[in-house]
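Heads up, upload-v7.cif below (mmCIF, C-alpha atoms):
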data_upload
#
loop_
_atom_site.label_atom_id
_atom_site.label_comp_id
_atom_site.auth_asym_id
_atom_site.auth_seq_id
_atom_site.Cartn_x
_atom_site.Cartn_y
_atom_site.Cartn_z
CA MET A 1 96.08 68.49 105.20
CA ARG A 2 92.77 70.37 105.18
CA PHE A 3 92.14 73.40 103.03
CA ASN A 4 89.02 75.49 102.61
CA VAL A 5 87.54 76.46 99.23
CA ARG A 6 89.54 79.68 98.95
CA ASP A 7 92.79 77.86 99.71
CA LEU A 8 92.08 75.17 97.11
CA VAL A 9 91.20 77.72 94.43
CA TYR A 10 94.42 79.63 95.12
CA ILE A 11 96.36 76.35 95.04
CA GLY A 12 94.74 75.55 91.69
CA VAL A 13 95.68 78.99 90.34
CA PHE A 14 99.30 78.73 91.41
CA GLY A 15 99.41 75.20 90.05
CA ALA A 16 98.14 76.56 86.74
CA LEU A 17 100.80 79.30 86.81
CA TRP A 18 103.62 76.82 87.44
CA GLY A 19 102.12 74.45 84.88
CA ALA A 20 101.95 77.21 82.26
CA VAL A 21 105.64 77.96 82.84
CA GLU A 22 106.55 74.27 82.56
CA ILE A 23 104.50 73.75 79.42
CA SER A 24 105.46 76.90 77.49
CA LEU A 25 108.90 77.92 78.76
CA GLY A 26 110.11 74.38 79.36
CA SER A 27 109.94 73.29 75.75
CA VAL A 28 111.48 76.57 74.53
CA LEU A 29 114.47 76.34 76.89
CA HIS A 30 115.13 72.71 76.04
CA THR A 31 114.83 73.36 72.29
CA LEU A 32 117.30 76.26 72.48
CA ASN A 33 119.71 74.14 74.58
CA VAL A 34 120.06 76.91 77.15
CA PRO A 35 122.68 75.96 79.80
CA PHE A 36 121.18 75.04 83.16
CA SER A 37 117.70 75.23 81.61
CA GLY A 38 116.41 72.62 84.05
CA VAL A 39 117.48 74.48 87.14
CA VAL A 40 116.31 77.86 85.72
CA LEU A 41 112.89 76.34 85.02
CA THR A 42 112.82 74.89 88.52
CA GLY A 43 113.75 78.27 89.96
CA ILE A 44 110.90 80.05 88.20
CA GLY A 45 108.42 77.32 89.11
CA ILE A 46 109.38 77.17 92.77
CA ALA A 47 109.27 81.00 92.95
CA ILE A 48 105.63 80.80 91.85
CA ALA A 49 104.89 78.07 94.40
CA LEU A 50 106.56 80.08 97.17
CA ILE A 51 104.43 83.14 96.29
CA GLY A 52 101.48 80.78 96.63
CA ARG A 53 102.65 80.00 100.18
CA LEU A 54 102.14 83.67 101.09
CA PHE A 55 98.49 83.40 100.04
CA VAL A 56 97.87 79.93 101.49
CA PRO A 57 100.09 80.02 104.61
CA ARG A 58 99.29 76.46 105.66
CA THR A 59 101.43 73.35 105.88
CA GLY A 60 101.21 71.36 102.68
CA SER A 61 100.21 74.19 100.35
CA VAL A 62 103.45 74.16 98.35
CA LEU A 63 103.26 70.35 98.07
CA PHE A 64 99.69 70.60 96.81
CA ILE A 65 100.72 73.20 94.25
CA GLY A 66 103.46 70.85 93.08
CA LEU A 67 101.03 67.92 92.80
CA VAL A 68 98.59 70.00 90.73
CA THR A 69 101.45 71.11 88.47
CA ALA A 70 102.66 67.53 88.05
CA PHE A 71 99.22 66.45 86.87
CA LEU A 72 99.02 69.39 84.46
CA LYS A 73 102.41 68.34 83.07
CA MET A 74 100.79 65.07 82.02
CA PHE A 75 98.70 67.01 79.51
CA SER A 76 101.61 69.01 78.11
CA LEU A 77 103.31 66.65 75.68
CA GLY A 78 100.42 64.32 74.90
CA GLY A 79 102.31 61.48 76.50
CA ILE A 80 103.51 60.22 79.84
CA VAL A 81 106.32 62.38 81.21
CA ILE A 82 107.27 60.58 84.40
CA ASN A 83 110.67 62.20 84.95
CA PRO A 84 109.45 65.83 85.03
CA MET A 85 106.52 64.78 87.23
CA ILE A 86 108.85 63.16 89.74
CA GLY A 87 111.04 66.27 89.62
CA ILE A 88 108.17 68.70 90.23
CA VAL A 89 106.77 66.68 93.16
CA ALA A 90 110.22 66.25 94.70
CA GLU A 91 111.05 69.96 94.38
CA SER A 92 107.79 71.01 95.98
CA LEU A 93 108.24 68.42 98.75
CA LEU A 94 111.73 69.68 99.56
CA ALA A 95 110.50 73.29 99.60
CA GLU A 96 107.60 72.27 101.84
CA VAL A 97 109.95 70.53 104.28
CA ALA A 98 112.12 73.65 104.48
CA LEU A 99 109.16 75.98 104.97
CA THR A 100 107.59 73.77 107.63
CA ALA A 101 110.89 73.38 109.49
CA LEU A 102 111.63 77.11 109.50
CA GLY A 103 108.23 78.19 110.81
CA ARG A 104 106.21 81.16 109.54
CA PRO A 105 106.89 82.52 106.05
CA ARG A 106 109.82 84.92 106.00
CA ARG A 107 112.66 85.87 103.68
CA LEU A 108 115.17 83.34 105.10
CA SER A 109 112.72 80.42 104.86
CA PHE A 110 111.94 81.33 101.25
CA ILE A 111 115.65 81.50 100.37
CA VAL A 112 116.36 78.13 102.00
CA ALA A 113 113.26 76.55 100.41
CA GLY A 114 114.25 77.86 96.97
CA ALA A 115 117.83 76.62 97.36
CA LEU A 116 116.71 73.17 98.52
CA ALA A 117 114.21 72.86 95.67
CA THR A 118 116.74 73.78 92.98
CA PHE A 119 119.25 71.32 94.44
CA TRP A 120 116.91 68.55 93.27
CA PRO A 121 117.66 68.90 89.49
CA PHE A 122 121.29 68.09 90.36
CA VAL A 123 120.28 64.99 92.32
CA HIS A 124 117.41 63.94 90.03
CA PRO A 125 119.38 61.92 87.43
CA PHE A 126 121.16 59.96 90.15
CA PHE A 127 117.88 59.31 91.98
CA THR A 128 115.83 58.13 89.00
CA GLN A 129 118.66 56.11 87.54
CA GLY A 130 119.43 54.73 90.99
CA ILE A 131 115.83 53.55 91.40
CA LEU A 132 115.79 52.10 87.90
CA ALA A 133 119.23 50.60 87.97
CA GLY A 134 119.82 49.84 91.65
CA ALA A 135 122.88 50.68 93.75
CA GLY A 136 125.32 49.58 91.03
CA ILE A 137 124.78 52.87 89.18
CA LEU A 138 126.79 54.74 91.82
CA THR A 139 129.75 52.47 91.23
CA ILE A 140 129.39 53.04 87.50
CA TYR A 141 129.38 56.83 87.92
CA GLN A 142 132.36 56.70 90.25
CA ARG A 143 134.41 54.50 87.94
CA THR A 144 133.34 56.48 84.85
CA LEU A 145 134.40 59.76 86.48
CA THR A 146 137.71 58.29 87.67
CA ASN A 147 138.54 56.72 84.32
CA GLY A 148 137.34 59.80 82.45
CA ALA A 149 139.57 62.04 84.57
CA LYS A 150 142.58 59.77 83.88
CA LEU A 151 141.78 59.79 80.17
CA LEU A 152 141.70 63.59 80.08
CA GLY A 153 144.83 63.87 82.21
CA LEU A 154 142.91 65.48 85.06
CA ASP A 155 143.40 64.92 88.75
CA PRO A 156 140.33 62.99 90.02
CA SER A 157 139.93 65.64 92.74
CA ALA A 158 139.22 68.16 89.95
CA VAL A 159 136.06 66.23 89.19
CA VAL A 160 134.97 66.71 92.78
CA LEU A 161 135.62 70.44 92.45
CA ILE A 162 133.54 70.57 89.26
CA LEU A 163 130.67 68.78 90.98
CA ALA A 164 130.95 71.13 93.97
CA GLY A 165 130.82 74.09 91.60
CA LEU A 166 127.68 72.74 89.96
CA ILE A 167 126.05 72.32 93.37
CA VAL A 168 126.91 75.92 94.28
CA VAL A 169 125.35 77.17 91.02
CA HIS A 170 122.16 75.22 91.71
CA LEU A 171 121.89 76.53 95.27
CA LEU A 172 122.59 80.10 94.15
CA ILE A 173 119.86 80.05 91.50
CA GLY A 174 117.43 78.64 94.07
CA SER A 175 118.32 81.28 96.64
CA ILE A 176 117.71 84.03 94.07
CA ALA A 177 114.38 82.40 93.18
CA GLY A 178 113.39 82.36 96.87
CA LEU A 179 114.37 86.00 97.26
CA LEU A 180 112.45 86.95 94.10
CA ALA A 181 109.41 85.04 95.37
CA TRP A 182 109.47 86.86 98.73
CA ASP A 183 109.81 90.33 97.19
CA ALA A 184 107.35 89.74 94.34
CA GLY A 185 104.87 88.05 96.67
CA ARG A 186 104.84 91.04 99.02
CA VAL A 187 104.23 93.38 96.07
CA VAL A 188 101.35 91.16 94.88
CA GLN A 189 99.80 91.25 98.37
CA VAL A 190 99.96 95.05 98.38
CA ARG A 191 98.42 95.28 94.89
CA LEU A 192 95.55 92.99 95.81
CA ARG A 193 94.76 94.86 99.01
CA PRO A 194 91.48 96.78 98.62
CA ALA A 195 91.98 100.50 98.02
CA PRO A 196 91.30 102.60 101.16
CA ARG A 197 88.03 104.51 101.06
CA SER A 198 88.47 108.23 100.79
CA MET B 1 97.81 47.20 63.21
CA SER B 2 99.43 44.31 61.30
CA ALA B 3 97.32 41.85 59.30
CA LEU B 4 98.01 39.03 61.78
CA ALA B 5 97.07 41.16 64.76
CA ALA B 6 93.87 42.27 63.04
CA ARG B 7 92.99 38.65 62.29
CA LEU B 8 93.54 37.66 65.91
CA HIS B 9 91.49 40.69 67.11
CA TRP B 10 94.51 41.58 69.22
CA SER B 11 93.02 44.72 70.73
CA THR B 12 90.07 42.82 72.23
CA TRP B 13 92.34 40.45 74.16
CA GLU B 14 93.16 43.18 76.67
CA LEU B 15 91.36 42.24 79.89
CA ARG B 16 89.50 44.85 81.90
CA LEU B 17 90.56 45.94 85.35
CA GLY B 18 89.28 48.50 87.79
CA THR B 19 91.37 51.26 89.35
CA TRP B 20 92.37 49.07 92.29
CA GLY B 21 93.37 46.32 89.89
CA HIS B 22 95.69 48.67 88.01
CA LEU B 23 97.09 49.91 91.31
CA SER B 24 97.74 46.30 92.38
CA CYS B 25 99.64 45.65 89.15
CA LEU B 26 101.72 48.80 89.66
CA VAL B 27 102.59 48.00 93.28
CA PHE B 28 103.38 44.38 92.40
CA SER B 29 105.64 45.28 89.47
CA LEU B 30 107.50 47.98 91.41
CA ALA B 31 107.95 45.84 94.52
CA VAL B 32 109.18 42.78 92.67
CA ALA B 33 111.43 44.78 90.32
CA ILE B 34 113.08 46.77 93.13
CA LEU B 35 113.39 43.95 95.66
CA ALA B 36 114.40 41.12 93.36
CA GLN B 37 118.07 40.24 93.00
CA GLY B 38 120.00 38.07 90.59
CA TRP B 39 118.04 35.86 88.19
CA ARG B 40 114.78 36.91 89.87
CA VAL B 41 115.04 40.31 88.17
CA GLY B 42 114.50 38.56 84.85
CA ILE B 43 111.33 36.95 86.18
CA ALA B 44 110.17 40.31 87.55
CA CYS B 45 110.67 41.91 84.15
CA ALA B 46 108.87 39.09 82.36
CA LEU B 47 105.92 39.32 84.76
CA ALA B 48 105.70 43.12 84.38
CA VAL B 49 105.65 42.83 80.60
CA ALA B 50 103.10 39.99 80.77
CA LEU B 51 100.80 42.13 82.93
CA ALA B 52 101.14 44.95 80.41
CA VAL B 53 100.26 42.66 77.51
CA ALA B 54 97.24 41.30 79.40
CA PHE B 55 95.82 44.45 81.00
CA TYR B 56 97.39 47.70 79.73
CA ARG B 57 99.09 47.62 76.34
CA GLY B 58 99.79 51.35 76.69
CA GLY B 59 102.53 50.38 79.13
CA LEU B 60 104.54 48.90 76.27
CA SER B 61 104.76 52.22 74.37
CA PRO B 62 108.01 53.41 76.08
CA LEU B 63 109.74 50.33 74.65
CA ARG B 64 109.27 51.74 71.14
CA ARG B 65 111.39 54.82 71.88
CA ARG B 66 114.97 54.80 70.62
CA ARG B 67 116.05 57.16 73.42
CA LEU B 68 115.10 54.55 76.01
CA TRP B 69 117.29 51.90 74.42
CA LEU B 70 120.19 54.38 74.28
CA LEU B 71 119.78 54.96 78.02
CA LEU B 72 119.61 51.22 78.68
CA GLY B 73 122.75 50.80 76.60
CA PHE B 74 124.43 53.36 78.86
CA LEU B 75 123.55 51.13 81.82
CA LEU B 76 124.82 47.95 80.20
CA VAL B 77 128.05 48.96 78.45
CA PRO B 78 129.84 50.79 81.33
CA SER B 79 128.85 47.97 83.69
CA ALA B 80 130.48 45.41 81.44
CA LEU B 81 133.58 47.59 81.12
CA PHE B 82 134.07 48.91 84.66
CA LEU B 83 132.28 46.66 87.16
CA GLY B 84 134.33 43.68 88.26
CA PRO B 85 137.57 42.15 86.91
CA GLY B 86 137.99 41.79 83.16
CA ASP B 87 137.74 38.09 82.42
CA TRP B 88 136.23 38.00 78.95
CA THR B 89 137.54 39.38 75.67
CA VAL B 90 135.16 40.20 72.84
CA TRP B 91 136.61 41.64 69.61
CA GLY B 92 139.68 42.81 71.47
CA VAL B 93 137.70 44.53 74.23
CA THR B 94 138.07 43.21 77.79
CA LEU B 95 134.74 42.80 79.55
CA SER B 96 133.68 41.63 82.98
CA ARG B 97 131.11 38.84 83.21
CA GLN B 98 130.18 40.05 86.68
CA GLY B 99 129.69 43.59 85.35
CA LEU B 100 127.70 42.33 82.40
CA ALA B 101 125.38 40.42 84.72
CA ALA B 102 124.95 43.49 86.92
CA GLY B 103 124.24 45.64 83.87
CA ALA B 104 121.69 43.17 82.56
CA GLN B 105 119.93 43.25 85.94
CA MET B 106 119.78 47.05 85.79
CA VAL B 107 118.35 46.98 82.26
CA LEU B 108 115.68 44.43 83.13
CA ARG B 109 114.75 46.29 86.33
CA SER B 110 114.44 49.55 84.37
CA ILE B 111 112.18 47.94 81.76
CA ALA B 112 109.91 46.45 84.45
CA ILE B 113 109.53 49.75 86.29
CA LEU B 114 108.99 51.82 83.13
CA VAL B 115 106.38 49.43 81.73
CA ALA B 116 104.52 49.34 85.05
CA VAL B 117 104.46 53.11 85.55
CA ALA B 118 103.60 53.88 81.91
CA GLY B 119 100.83 51.28 81.97
CA PHE B 120 99.33 52.68 85.17
CA ALA B 121 99.43 56.25 83.85
CA ALA B 122 97.86 55.17 80.54
CA SER B 123 95.08 53.14 82.17
CA VAL B 124 93.98 55.29 85.08
CA SER B 125 92.30 58.60 84.34
CA VAL B 126 93.33 61.82 86.06
CA SER B 127 90.06 61.96 88.02
CA GLU B 128 90.51 58.38 89.26
CA LEU B 129 94.07 59.23 90.27
CA ALA B 130 92.82 62.29 92.11
CA GLY B 131 90.25 60.09 93.82
CA LEU B 132 92.96 57.68 94.98
CA LEU B 133 95.04 60.53 96.35
CA GLU B 134 92.01 62.06 98.08
CA ARG B 135 91.37 58.74 99.79
CA ALA B 136 95.03 58.80 100.87
CA GLY B 137 94.45 62.07 102.77
CA LEU B 138 94.99 64.73 100.10
CA GLN B 139 91.43 66.03 100.27
CA GLY B 140 90.44 68.69 97.80
CA LEU B 141 93.18 67.80 95.31
CA GLY B 142 90.64 66.93 92.63
CA PHE B 143 88.90 70.29 93.01
CA ALA B 144 92.23 72.15 92.87
CA MET B 145 93.18 70.23 89.74
CA GLY B 146 89.87 71.13 88.14
CA VAL B 147 90.48 74.81 88.91
CA ALA B 148 94.00 74.56 87.47
CA VAL B 149 92.84 72.91 84.23
CA ASN B 150 90.16 75.58 83.76
CA MET B 151 92.50 78.44 84.68
CA LEU B 152 95.35 77.33 82.39
CA PRO B 153 94.08 79.05 79.21
CA THR B 154 93.33 82.24 81.20
CA VAL B 155 96.80 82.23 82.74
CA GLN B 156 98.48 81.69 79.38
CA GLU B 157 96.45 84.48 77.78
CA THR B 158 97.26 86.84 80.67
CA ALA B 159 100.97 86.02 80.39
CA THR B 160 100.97 86.59 76.63
CA THR B 161 99.16 89.94 76.93
CA ALA B 162 101.40 91.14 79.75
CA SER B 163 104.61 90.15 77.93
CA HIS B 164 103.46 91.92 74.74
CA ALA B 165 102.64 95.05 76.76
CA LEU B 166 106.05 94.95 78.45
CA ARG B 167 107.86 94.40 75.16
CA LEU B 168 106.04 97.35 73.55
CA ARG B 169 107.24 99.54 76.39
CA GLY B 170 110.83 98.35 75.87
CA GLY B 171 110.78 96.40 79.09
CA PHE B 172 112.92 93.45 78.03
CA ARG B 173 115.67 95.51 76.39
CA ARG B 174 116.74 97.32 79.56
CA GLN B 175 116.69 96.01 83.14
CA ARG B 176 115.76 92.51 82.09
CA PHE B 177 115.55 91.18 85.65
CA GLN B 178 113.16 93.98 86.66
CA ALA B 179 111.05 93.25 83.57
CA ILE B 180 110.78 89.56 84.45
CA ARG B 181 109.85 90.47 88.04
CA LEU B 182 107.18 92.88 86.79
CA LEU B 183 105.82 90.27 84.37
CA LEU B 184 105.57 87.72 87.17
CA ILE B 185 103.78 90.17 89.47
CA THR B 186 101.31 91.23 86.75
CA VAL B 187 100.42 87.66 85.78
CA VAL B 188 100.00 86.55 89.41
CA VAL B 189 97.85 89.57 90.32
CA ASN B 190 95.53 89.12 87.32
CA SER B 191 95.24 85.37 87.93
CA LEU B 192 94.36 85.87 91.59
CA ARG B 193 91.65 88.37 90.67
CA HIS B 194 90.09 85.60 88.53
CA ALA B 195 90.54 83.24 91.49
CA ASP B 196 88.44 85.49 93.72
CA ASP B 197 85.62 85.24 91.16
CA ILE B 198 85.84 81.43 91.29
CA VAL B 199 85.76 81.46 95.09
CA SER B 200 82.67 83.70 95.07
CA ALA B 201 80.95 81.43 92.55
CA ALA B 202 81.74 78.31 94.59
CA GLU B 203 80.59 79.87 97.87
CA ALA B 204 77.39 81.15 96.23
CA ARG B 205 76.60 77.54 95.35
CA ALA B 206 77.31 76.44 98.95
CA PHE B 207 80.23 74.29 97.76
CA SER B 208 82.25 72.92 100.65
CA THR B 209 85.23 70.59 100.67
CA THR B 210 84.01 68.97 103.90
CA ARG B 211 80.71 67.89 102.38
CA VAL B 212 82.04 66.49 99.09
CA ARG B 213 82.20 62.71 98.76
CA PRO B 214 85.47 61.22 97.49
CA ARG B 215 85.54 60.67 93.72
CA HIS B 216 84.18 57.40 92.48
CA ILE B 217 86.84 54.72 91.98
CA VAL B 218 86.12 51.84 89.61
CA TRP B 219 86.14 48.57 91.59
CA ARG B 220 85.70 45.12 90.07
CA GLN B 221 85.56 41.66 91.58
CA SER B 222 88.45 40.67 89.35
CA ASP B 223 90.60 43.28 91.13
CA VAL B 224 90.37 41.36 94.41
CA ILE B 225 91.27 38.06 92.76
CA LEU B 226 94.11 39.67 90.86
CA ALA B 227 95.50 41.41 93.95
CA GLY B 228 95.53 38.12 95.89
CA THR B 229 97.16 36.29 93.02
CA LEU B 230 99.84 38.94 92.57
CA LEU B 231 100.63 38.90 96.28
CA ALA B 232 101.14 35.15 96.18
CA VAL B 233 103.30 35.38 93.05
CA ALA B 234 105.41 38.19 94.58
CA LEU B 235 106.09 36.15 97.70
CA ALA B 236 106.94 33.10 95.60
CA VAL B 237 109.39 35.07 93.42
CA LEU B 238 111.08 36.96 96.25
CA LEU B 239 111.31 34.12 98.77
CA ALA B 240 112.12 31.24 96.42
#

For the structure just supplied, provide its representation as structure tokens.
Amino acid sequence: MRFNVRDLVYIGVFGALWGAVEISLGSVLHTLNVPFSGVVLTGIGIAIALIGRLFVPRTGSVLFIGLVTAFLKMFSLGGIVINPMIGIVAESLLAEVALTALGRPRRLSFIVAGALATFWPFVHPFFTQGILAGAGILTIYQRTLTNGAKLLGLDPSAVVLILAGLIVVHLLIGSIAGLLAWDAGRVVQVRLRPAPRS
Amino acid sequence: MSALAARLHWSTWELRLGTWGHLSCLVFSLAVAILAQGWRVGIACALAVALAVAFYRGGLSPLRRRRLWLLLGFLLVPSALFLGPGDWTVWGVTLSRQGLAAGAQMVLRSIAILVAVAGFAASVSVSELAGLLERAGLQGLGFAMGVAVNMLPTVQETATTASHALRLRGGFRRQRFQAIRLLLITVVVNSLRHADDIVSAAEARAFSTTRVRPRHIVWRQSDVILAGTLLAVALAVLLA
């Protein structure tokens, strides 16, 4: 991945924008216990990264923005925050894969990239705990869900429906973020265009 | 620091490694912790903690957090209850020895990985990390990170000013989604105008990403010896 000076500066700026959102809004949302705060934060962050793709339309730009943001996150709490760093890098990687697969930037690719990126917060706990704990964690989750459903008098298939509903919510928020990024990005491009000489 | 630790000059016992040495310790700890099975996981955990004690005491800081032990308890207790047949009764509760063993493996693996990652992050500076990533093909990442760190206060100030201006105009009371969209556009536009100034300044100084040497990485002779030793130990643990 090779970027020129302008590309790298723009990547740094969009990394700073996403990092500012993570540092300031992230702690507020978690403190207020807002539902789905993780996926909302991801949606806003990935929207910023996708706008960055309009200004640096090269393969790897969204991934670079995510890497810069992940490093900025290290400064945010004065300690090592591995989980959010893994999340940010994974979200930007998924968005990058979607954008690269779907070709030139357009509304559909932004919507798919946003949806894929916001799917990660749903998968993230299973991934990190799976790495830490090994494959046995899946069996634990399965048995816990089954036994929990029996305890509450629920049909175990209801648990599957609940999980499916959560996935739909995540994908919907990501799609909206992608759409917002496309529309807002186009407006930003128009605003930054030099004014025509009279 | 306790009186005993002060008497033993505990802090000076930490041996010095270069960046590659710390990277070797991280790769070793992760590989052995993830690949080991059965009783070997215990050895992997012990080795990871021993490396932290010897080379990067900062890696032991996660072990002081109560939240971590709650999470590890969540790994251990359900395993003992749900994994495998119940063949052991403790205080009226039926547990599975097989599940308990599996849970213990998960806990030890988690500790090894957390200590290794925390130790690496505490020992290697951001610029050294950027240098490693640049050598791995992500050229220009260090420069982009420098721009981001310098732009962060400007971005935060721009966001604060724009949100105050929007709030004074009643923007967040009506059409909240439109207000958020407008805030995002304003902050991005102002930030990119600053970015153009940075680009002009860099180009005026003939800065080029193709002519910049990769960042200096600290490299010690002990790193080579350590890397070789860790490789031999890893093979011995995994293949024994």

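Among the candidates B:Ile43, B:Leu63, B:Leu23, B:Ala201, the residue lying nearest to Ala240 of chain B is B:Ile43 (atoms considered: all atoms listed in the file).
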
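Minimum atom-to-atom distance to chain B, evaluated using all atoms listed in the file, belongs to A:Val187 out of A:Val187, A:Leu163, A:Phe36, A:Arg193.
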
- Item | Interface residues on chain B facing chain A, 8 Å, all atoms listed in the file, written as JSON, numbers by chain | {"B": [34, 75, 78, 79, 82, 83, 102, 105, 106, 107, 109, 110, 113, 118, 121, 122, 126, 137, 138, 139, 140, 141, 143, 144, 145, 146, 147, 148, 149, 151, 152, 155, 156, 181, 184, 185, 188, 189, 191, 192, 193, 195, 196, 198, 199, 202, 203, 207, 208, 209]}

- Suppose you want the space between atom CA of Gly43 of chain A and atom CA of Pro62 of chain B; what is it in Å? 29.0 Å

- Message: At a cut-off of 9 Å, using all atoms listed in the file, what residues contact Thr42 of chain A? Leave out same-chain residues fewer than 4 positions from it and give the result as a PyMOL selection string.
- Response: chain A and resi 22+37-38+46-47+87-88+91+117-118+120-121+174+177

- Message: I need the residue nearest Cys45 of chain B from this list: B:Leu30, B:Ile111, B:Ile225, B:Pro85. Use all atoms listed in the file for the distance.
- Response: B:Ile111

- Query: Do you know which residues are at most 9 Å from Phe110 of chain A counting only C-alpha atoms, after dropping those on the same chain fewer than 2 positions away, and could you put them as a PyMOL selection string?
  - Reply: chain A and resi 47+50+95+98-99+105-108+112-115+175+177-179+181-182

- Task: Please indicate the distance in Å from atom CA of Leu94 of chain A to atom CA of Ser24 of chain B, rounded to one decimal place.
- Result: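 Interatomic distance here is 28.2 Å.
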
- Item | Minimum-distance residue to Leu108 of chain B, chosen among B:Gly73, B:Gly171, B:Gly59, B:Gly21 (using all atoms listed in the file) |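 Using all atoms listed in the file, the shortest distance to Leu108 of chain B belongs to B:Gly73.
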
- Query: If you measure from atom CA of Ala159 of chain B to atom CA of Ala49 of chain A, what distance in Å do you get, rounded to one decimal?
  - Reply: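 Computed distance, atom CA of Ala159 of chain B to atom CA of Ala49 of chain A, equals 16.6 Å.
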
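The residues returned by the PyMOL selection byres ((chain B and resi 231) around 12) on the shown structure are B:Ser24, B:Cys25, B:Leu26, B:Val27, B:Phe28, B:Ser29, B:Ala31, B:Val32, B:Val224, B:Ile225, B:Leu226, B:Ala227, B:Gly228, B:Thr229, B:Leu230, B:Ala232, B:Val233, B:Ala234, B:Leu235, B:Ala236, B:Val237, B:Leu238, B:Leu239.
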
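Nearest residue to Arg58 of chain A among A:Leu29, A:Val40, A:Ile86, A:Thr100 is A:Thr100, counting all atoms listed in the file.
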